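Peer 1: What follows is entry32.txt, compact mmCIF, C-alpha atoms and all ligand atoms.
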```
# COMPACT_ATOMS: atom_id res chain seq x y z
CA MET A 12 19.39 -24.49 15.26
CA ILE A 13 15.74 -24.88 14.22
CA VAL A 14 14.33 -21.40 13.46
CA LEU A 15 10.77 -22.22 12.46
CA GLU A 16 8.67 -25.25 13.42
CA ALA A 17 5.08 -26.20 12.71
CA HIS A 18 3.53 -29.07 14.61
CA ALA A 19 0.37 -30.89 13.55
CA LEU A 20 -1.16 -27.81 11.89
CA THR A 21 -4.73 -28.19 10.76
CA LYS A 22 -7.03 -25.65 9.16
CA SER A 23 -10.69 -26.15 8.30
CA PHE A 24 -12.82 -23.78 6.24
CA SER A 25 -16.46 -24.67 6.98
CA GLY A 26 -15.99 -28.37 6.45
CA LEU A 27 -13.09 -28.26 3.98
CA GLN A 28 -9.84 -29.44 5.59
CA ALA A 29 -7.21 -27.29 3.89
CA LEU A 30 -4.43 -28.49 6.25
CA LYS A 31 -4.48 -31.97 7.73
CA GLY A 32 -1.73 -32.11 10.33
CA VAL A 33 1.31 -30.48 8.74
CA ASP A 34 4.71 -30.72 10.44
CA LEU A 35 7.76 -28.86 9.24
CA GLU A 36 11.11 -27.57 10.45
CA VAL A 37 13.42 -24.95 9.01
CA GLU A 38 17.04 -24.77 10.10
CA GLU A 39 18.91 -21.51 10.50
CA GLY A 40 20.49 -20.29 7.25
CA LYS A 41 18.71 -22.91 5.15
CA ILE A 42 16.10 -22.59 2.41
CA LEU A 43 12.97 -24.71 2.49
CA GLY A 44 11.04 -24.97 -0.77
CA ILE A 45 7.34 -25.86 -0.65
CA ILE A 46 5.73 -27.32 -3.73
CA GLY A 47 2.32 -28.77 -4.54
CA ALA A 48 -0.44 -28.52 -7.11
CA ASN A 49 -3.03 -25.74 -6.98
CA GLY A 50 -5.20 -26.08 -3.90
CA ALA A 51 -2.68 -28.28 -2.03
CA GLY A 52 -2.70 -25.90 0.94
CA LYS A 53 0.58 -24.00 0.48
CA THR A 54 -0.88 -20.51 0.88
CA THR A 55 -3.05 -21.67 3.77
CA LEU A 56 0.10 -22.97 5.47
CA PHE A 57 1.78 -19.55 5.04
CA ASN A 58 -1.38 -17.83 6.29
CA CYS A 59 -1.44 -19.99 9.43
CA ILE A 60 2.29 -19.48 10.09
CA MET A 61 2.05 -15.71 9.56
CA GLY A 62 -1.06 -15.21 11.67
CA ALA A 63 -3.30 -14.10 8.78
CA PHE A 64 -5.69 -16.49 10.49
CA PRO A 65 -5.08 -18.94 13.31
CA PRO A 66 -4.82 -22.67 12.59
CA THR A 67 -7.75 -24.77 13.73
CA SER A 68 -5.25 -26.78 15.79
CA GLY A 69 -1.51 -27.22 16.05
CA THR A 70 1.35 -24.90 16.97
CA VAL A 71 3.93 -22.71 15.28
CA LEU A 72 7.24 -21.97 17.02
CA LEU A 73 9.75 -19.28 16.05
CA GLU A 74 13.15 -19.90 17.63
CA GLY A 75 11.40 -22.06 20.21
CA ARG A 76 8.75 -19.47 21.10
CA ASP A 77 5.08 -20.22 20.55
CA ILE A 78 3.84 -17.72 17.95
CA THR A 79 0.64 -19.51 16.93
CA GLY A 80 -1.84 -16.94 15.59
CA MET A 81 0.46 -13.99 16.30
CA PRO A 82 -0.23 -11.14 13.81
CA ALA A 83 2.25 -10.24 11.06
CA HIS A 84 3.40 -6.93 12.57
CA GLN A 85 4.42 -8.67 15.79
CA LEU A 86 6.13 -11.43 13.84
CA ALA A 87 8.05 -8.80 11.87
CA ARG A 88 9.38 -7.45 15.18
CA LEU A 89 10.51 -10.96 16.04
CA GLY A 90 12.32 -11.19 12.67
CA MET A 91 9.90 -13.11 10.44
CA VAL A 92 8.57 -11.35 7.34
CA ARG A 93 6.47 -12.50 4.40
CA THR A 94 6.33 -11.34 0.80
CA PHE A 95 3.14 -11.76 -1.20
CA GLN A 96 2.46 -13.35 -4.58
CA LEU A 97 0.50 -10.25 -5.53
CA MET A 98 2.53 -7.24 -4.53
CA ARG A 99 0.98 -4.63 -2.32
CA PRO A 100 3.06 -1.46 -2.67
CA PHE A 101 1.44 1.98 -2.53
CA HIS A 102 1.24 2.44 -6.28
CA THR A 103 1.30 6.23 -6.43
CA MET A 104 4.36 6.45 -4.17
CA THR A 105 7.91 6.15 -5.44
CA VAL A 106 10.07 3.10 -4.85
CA LEU A 107 12.07 5.03 -2.24
CA GLU A 108 8.95 6.21 -0.42
CA ASN A 109 7.52 2.70 -0.34
CA VAL A 110 10.67 1.27 1.20
CA GLU A 111 10.85 4.19 3.64
CA VAL A 112 7.35 3.31 4.86
CA ALA A 113 8.57 -0.24 5.52
CA ALA A 114 11.64 1.06 7.38
CA MET A 115 9.44 3.33 9.51
CA SER A 116 7.11 0.45 10.32
CA ARG A 117 9.99 -1.33 12.02
CA GLY A 118 10.76 1.75 14.07
CA ALA A 119 13.39 3.65 12.04
CA ARG A 120 13.13 7.43 12.52
CA GLY A 121 14.80 10.55 11.11
CA ALA A 122 17.87 10.06 8.93
CA ALA A 123 17.85 6.33 9.64
CA VAL A 124 14.67 5.97 7.55
CA ARG A 125 16.38 7.16 4.37
CA ALA A 126 19.59 5.25 5.10
CA GLU A 127 17.72 2.03 5.77
CA ALA A 128 15.60 2.41 2.62
CA VAL A 129 18.57 3.26 0.40
CA GLY A 130 20.44 0.22 1.75
CA SER A 131 17.56 -2.12 0.92
CA ILE A 132 17.12 -0.53 -2.52
CA GLU A 133 20.81 -0.98 -3.31
CA ARG A 134 20.73 -4.56 -2.03
CA THR A 135 17.91 -5.41 -4.44
CA GLY A 136 19.44 -3.63 -7.45
CA LEU A 137 16.73 -0.99 -7.59
CA SER A 138 18.82 2.17 -7.25
CA GLU A 139 18.08 3.41 -10.76
CA TRP A 140 14.37 3.05 -10.05
CA ALA A 141 14.30 4.74 -6.64
CA GLY A 142 12.49 7.85 -7.91
CA HIS A 143 10.00 5.99 -10.10
CA GLN A 144 6.35 5.62 -9.26
CA SER A 145 5.92 2.08 -7.92
CA GLY A 146 2.77 1.24 -9.85
CA LEU A 147 4.56 1.86 -13.17
CA LEU A 148 7.49 -0.52 -12.57
CA PRO A 149 7.99 -3.55 -14.83
CA ALA A 150 7.03 -6.86 -13.14
CA GLY A 151 10.62 -7.87 -12.35
CA MET A 152 11.28 -4.57 -10.59
CA GLN A 153 8.01 -4.80 -8.67
CA LYS A 154 9.17 -8.15 -7.27
CA ARG A 155 12.42 -6.56 -6.22
CA LEU A 156 10.48 -3.76 -4.59
CA GLU A 157 8.52 -6.34 -2.62
CA LEU A 158 11.85 -7.81 -1.51
CA ALA A 159 13.31 -4.38 -0.73
CA ARG A 160 10.34 -3.60 1.50
CA ALA A 161 10.76 -6.95 3.24
CA LEU A 162 14.50 -6.40 3.75
CA ALA A 163 13.86 -2.95 5.24
CA LEU A 164 12.17 -4.84 8.07
CA ARG A 165 15.54 -6.54 8.76
CA PRO A 166 14.20 -10.09 8.81
CA ARG A 167 16.13 -13.14 9.94
CA ILE A 168 13.62 -15.40 8.23
CA LEU A 169 11.78 -14.59 5.00
CA LEU A 170 8.66 -16.34 3.72
CA LEU A 171 8.31 -15.87 -0.03
CA ASP A 172 5.03 -16.63 -1.77
CA GLU A 173 5.64 -17.36 -5.46
CA VAL A 174 8.23 -14.66 -5.78
CA LEU A 175 8.86 -15.60 -9.42
CA ALA A 176 5.21 -15.71 -10.52
CA GLY A 177 4.48 -13.46 -13.48
CA LEU A 178 8.13 -13.01 -14.42
CA VAL A 179 9.62 -13.96 -17.77
CA PRO A 180 12.78 -16.13 -17.56
CA SER A 181 15.12 -13.16 -18.08
CA GLU A 182 13.54 -11.43 -15.07
CA ARG A 183 13.74 -14.54 -12.88
CA ALA A 184 17.50 -15.04 -12.92
CA PRO A 185 18.39 -11.78 -11.10
CA VAL A 186 15.73 -12.46 -8.44
CA LEU A 187 17.12 -15.98 -7.93
CA ASP A 188 20.65 -14.56 -7.70
CA LEU A 189 19.46 -12.07 -5.11
CA LEU A 190 17.87 -14.79 -2.98
CA SER A 191 21.02 -16.95 -3.24
CA SER A 192 23.15 -14.00 -2.16
CA LEU A 193 20.89 -13.28 0.82
CA ARG A 194 21.54 -16.77 2.09
CA ARG A 195 25.25 -16.77 1.20
CA ASP A 196 26.13 -13.28 2.47
CA GLU A 197 23.65 -12.78 5.28
CA GLY A 198 22.75 -16.32 6.30
CA MET A 199 19.09 -15.53 5.72
CA THR A 200 16.71 -18.38 6.48
CA MET A 201 13.95 -18.70 3.88
CA VAL A 202 10.78 -20.61 3.16
CA PHE A 203 9.44 -20.26 -0.33
CA VAL A 204 6.40 -21.51 -2.16
CA GLU A 205 7.16 -21.96 -5.83
CA HIS A 206 5.75 -23.62 -8.92
CA ILE A 207 8.94 -23.16 -10.96
CA MET A 208 10.92 -26.33 -10.40
CA ALA A 209 14.18 -24.88 -11.73
CA ALA A 210 14.05 -22.41 -8.83
CA ILE A 211 13.26 -25.19 -6.35
CA ARG A 212 16.28 -27.13 -7.61
CA VAL A 213 18.65 -24.16 -7.46
CA LEU A 214 17.62 -22.69 -4.13
CA SER A 215 16.23 -25.37 -1.84
CA ASP A 216 18.25 -27.15 0.82
CA HIS A 217 15.12 -29.09 1.63
CA VAL A 218 11.81 -29.55 -0.19
CA VAL A 219 8.36 -30.32 1.18
CA MET A 220 5.70 -31.48 -1.26
CA MET A 221 2.11 -30.85 -0.19
CA ASP A 222 -0.87 -32.72 -1.51
CA GLN A 223 -4.47 -32.18 -0.39
CA GLY A 224 -3.46 -30.45 2.82
CA ALA A 225 -0.83 -32.97 3.91
CA VAL A 226 2.91 -33.43 3.45
CA LEU A 227 3.32 -36.09 0.78
CA ALA A 228 7.14 -36.05 0.60
CA SER A 229 10.03 -34.30 2.31
CA GLY A 230 13.76 -34.40 1.58
CA ASP A 231 16.39 -32.90 -0.68
CA ALA A 232 15.20 -31.56 -4.04
CA GLN A 233 16.66 -34.40 -6.06
CA THR A 234 14.94 -37.05 -3.94
CA VAL A 235 11.56 -35.32 -3.72
CA LEU A 236 11.35 -34.29 -7.37
CA SER A 237 12.15 -37.79 -8.60
CA ASP A 238 9.70 -39.50 -6.20
CA PRO A 239 7.06 -41.25 -8.36
CA HIS A 240 4.31 -40.35 -5.84
CA VAL A 241 5.24 -36.69 -6.16
CA ILE A 242 5.30 -36.82 -9.94
CA GLU A 243 1.92 -38.51 -9.97
CA ALA A 244 0.32 -36.12 -7.48
CA TYR A 245 1.71 -32.99 -9.12
CA LEU A 246 -0.68 -32.18 -11.94
CA GLY A 247 -1.45 -35.87 -12.21
CA LYS A 248 1.47 -36.77 -14.47
CA GLU A 249 4.46 -34.53 -14.94
CA LEU A 250 6.27 -31.89 -12.93
CA PRO A 251 6.24 -28.42 -14.46
CA HIS A 252 9.80 -27.74 -15.65
CA ALA A 253 9.53 -24.11 -16.65
P1 LIG A 301 -2.26 -22.31 -5.27
O1 LIG A 301 -1.01 -22.96 -5.74
O2 LIG A 301 -3.35 -22.32 -6.30
O3 LIG A 301 -2.05 -20.95 -4.63
P2 LIG A 301 -2.40 -23.53 -2.62
O4 LIG A 301 -1.62 -24.78 -2.51
O5 LIG A 301 -1.80 -22.30 -2.07
O6 LIG A 301 -2.87 -23.29 -4.11
P3 LIG A 301 -4.57 -22.91 -0.84
O7 LIG A 301 -4.83 -21.55 -1.42
O8 LIG A 301 -3.90 -22.97 0.48
O9 LIG A 301 -3.79 -23.82 -1.88
O10 LIG A 301 -5.98 -23.64 -0.74
C1 LIG A 301 -6.16 -24.92 -0.11
C2 LIG A 301 -7.65 -25.22 -0.07
O11 LIG A 301 -8.26 -24.35 0.91
C3 LIG A 301 -8.37 -24.98 -1.38
O12 LIG A 301 -9.37 -25.96 -1.52
C4 LIG A 301 -8.98 -23.59 -1.20
O13 LIG A 301 -10.14 -23.44 -1.97
C5 LIG A 301 -9.29 -23.58 0.29
N1 LIG A 301 -9.22 -22.24 0.88
C6 LIG A 301 -8.12 -21.47 0.98
N2 LIG A 301 -8.39 -20.31 1.60
C7 LIG A 301 -9.73 -20.35 1.91
C8 LIG A 301 -10.64 -19.44 2.56
N3 LIG A 301 -10.21 -18.27 3.05
N4 LIG A 301 -11.92 -19.82 2.68
C9 LIG A 301 -12.35 -21.02 2.22
N5 LIG A 301 -11.55 -21.93 1.60
C10 LIG A 301 -10.25 -21.59 1.44
```
Can you give me the file's structure in the form of structure tokens?
Peer 2:
Amino acid sequence: MIVLEAHALTKSFSGLQALKGVDLEVEEGKILGIIGANGAGKTTLFNCIMGAFPPTSGTVLLEGRDITGMPAHQLARLGMVRTFQLMRPFHTMTVLENVEVAAMSRGARGAAVRAEAVGSIERTGLSEWAGHQSGLLPAGMQKRLELARALALRPRILLLDEVLAGLVPSERAPVLDLLSSLRRDEGMTMVFVEHIMAAIRVLSDHVVMMDQGAVLASGDAQTVLSDPHVIEAYLGKELPHA
């Protein structure tokens, strides 16, 4: 089943065409990786899908329903949740409190709030940090907190914006393992924007390469990452391997 579809999405910012007719499809339980050089339009695509702003034209469908321009809180109720490249927890609150706020925002009340939050914290390996102030967490734990808050919303599809950005390699592996296990154990559908090609190779069932607001290549990771047009368009010469 196709969970998420975008058809002919365009987005113009006072003359600049950031998206030029983007089509994509994400199947249930699969992971779509989106790559592209800086300014290719990846974040704009996420913003249009998640209703941060409406596309100039085109449509977005979630499980066949037209959700074009629908705001994030309504999308969360329909099962689609986004994490941000720059995390937005309440810094003076503890990890547990932050995840409780997320659980409450999807309607949990009373004892269910704590239970839901503890479940998400355990799932993301944050139990030891539950009582720590969120703003003081190391970067790797902050990423997990972002994921814990997203999971407390009980998504069926997760959109991840550079979830590995700012992490050193030793911090990346556990986050990658977590994402793999979400797909394996819970059949979570995911779309992720990522500059780290090792992560694209490990996680993606399908890869879309964006260039100047358009889809330049689409296919399995091996095919897309070895496409000479992709290699040329990405930073002009060589794919980042880090
Ligand atoms: P990066 O990898 O650096 O995050 P990206 O692929 O996500 O890049 P976008 O942030 O989507 O690229 O930007 C695509 C183009 O749209 C860029 O030229 C950018 O300057 C422009 N753009 C994005 N958001 C806005 C905005 N709110 N107002 C005006 N121009 C914008």
Peer 1: Please provide as number ranges by chain all residues within 10 Å of Leu193 in chain A, with the sequence filter that same-chain residues fewer than 4 positions apart are discarded (counting all atoms listed in the file).
Peer 2: A: 40, 134-135, 162, 187-189, 197-201
Peer 1: List as number ranges by chain the protein and nucleic acid residues lying within 6 Å of ligand LIG 301 (chain A), with only C-alpha atoms and all ligand atoms counted.
Peer 2: A: 24, 29, 47-55
Peer 1: Which residues are close to Leu175 in chain A, i.e. within 12 Å by only C-alpha atoms, leaving aside same-chain residues fewer than 3 positions away? Reply as an NGL selection string.
Peer 2: :A and (94-98 or 150-155 or 157-158 or 171-172 or 178-190 or 203-211 or 253)
Peer 1: Excluding same-chain residues fewer than 5 positions from Thr79 in chain A, what lies within 10 Å of it counting all atoms listed in the file, as a ChimeraX atom specification?
Peer 2: /A:17,20,59-62,64-66,68-73
Peer 1: Excluding Val124 in chain A and its own-chain neighbours fewer than 5 positions away, which residues fall within 7 Å of it when counting all atoms listed in the file? Please give them as a ChimeraX atom specification.
Peer 2: /A:111,114-115,119
Peer 1: Please compute the CA of Ala126 in chain A-CA of Val202 in chain A distance, one decimal, in Å.
Peer 2: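 Atom-to-atom, CA of Ala126 in chain A and CA of Val202 in chain A are spaced 27.4 Å apart.
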Peer 1: Between CA of Ala225 in chain A and CA of Lys31 in chain A, what distance in Å does the model show, to one decimal?
Peer 2: 5.4 Å
Peer 1: Using only C-alpha atoms for the distances, tell me which of A:Val218, A:Ile42, A:Ile78, A:Val112 is nearest to Gly90 in chain A.
Peer 2: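 Result for the nearest residue to Gly90 in chain A: A:Ile78.
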Peer 1: Which of these residues is nearest to Ser138 in chain A, using all atoms listed in the file: A:Val106, A:Met81, A:Leu56, A:Ala161?
Peer 2: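 So, comparing all the options, the nearest one is A:Val106.
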Peer 1: For a quick check of understanding, using all atoms listed in the file, which of A:Met104, A:Val241, A:Val110, A:Leu148 has the smallest distance to Arg165 in chain A?
Peer 2: A:Val110
Peer 1: With distances taken over all atoms listed in the file, which of A:Gly44, A:Gly224, A:Gly146, A:Gly32 is nearest to Thr103 in chain A?
Peer 2: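 Counting all atoms listed in the file, the residue closest to Thr103 in chain A is A:Gly146.
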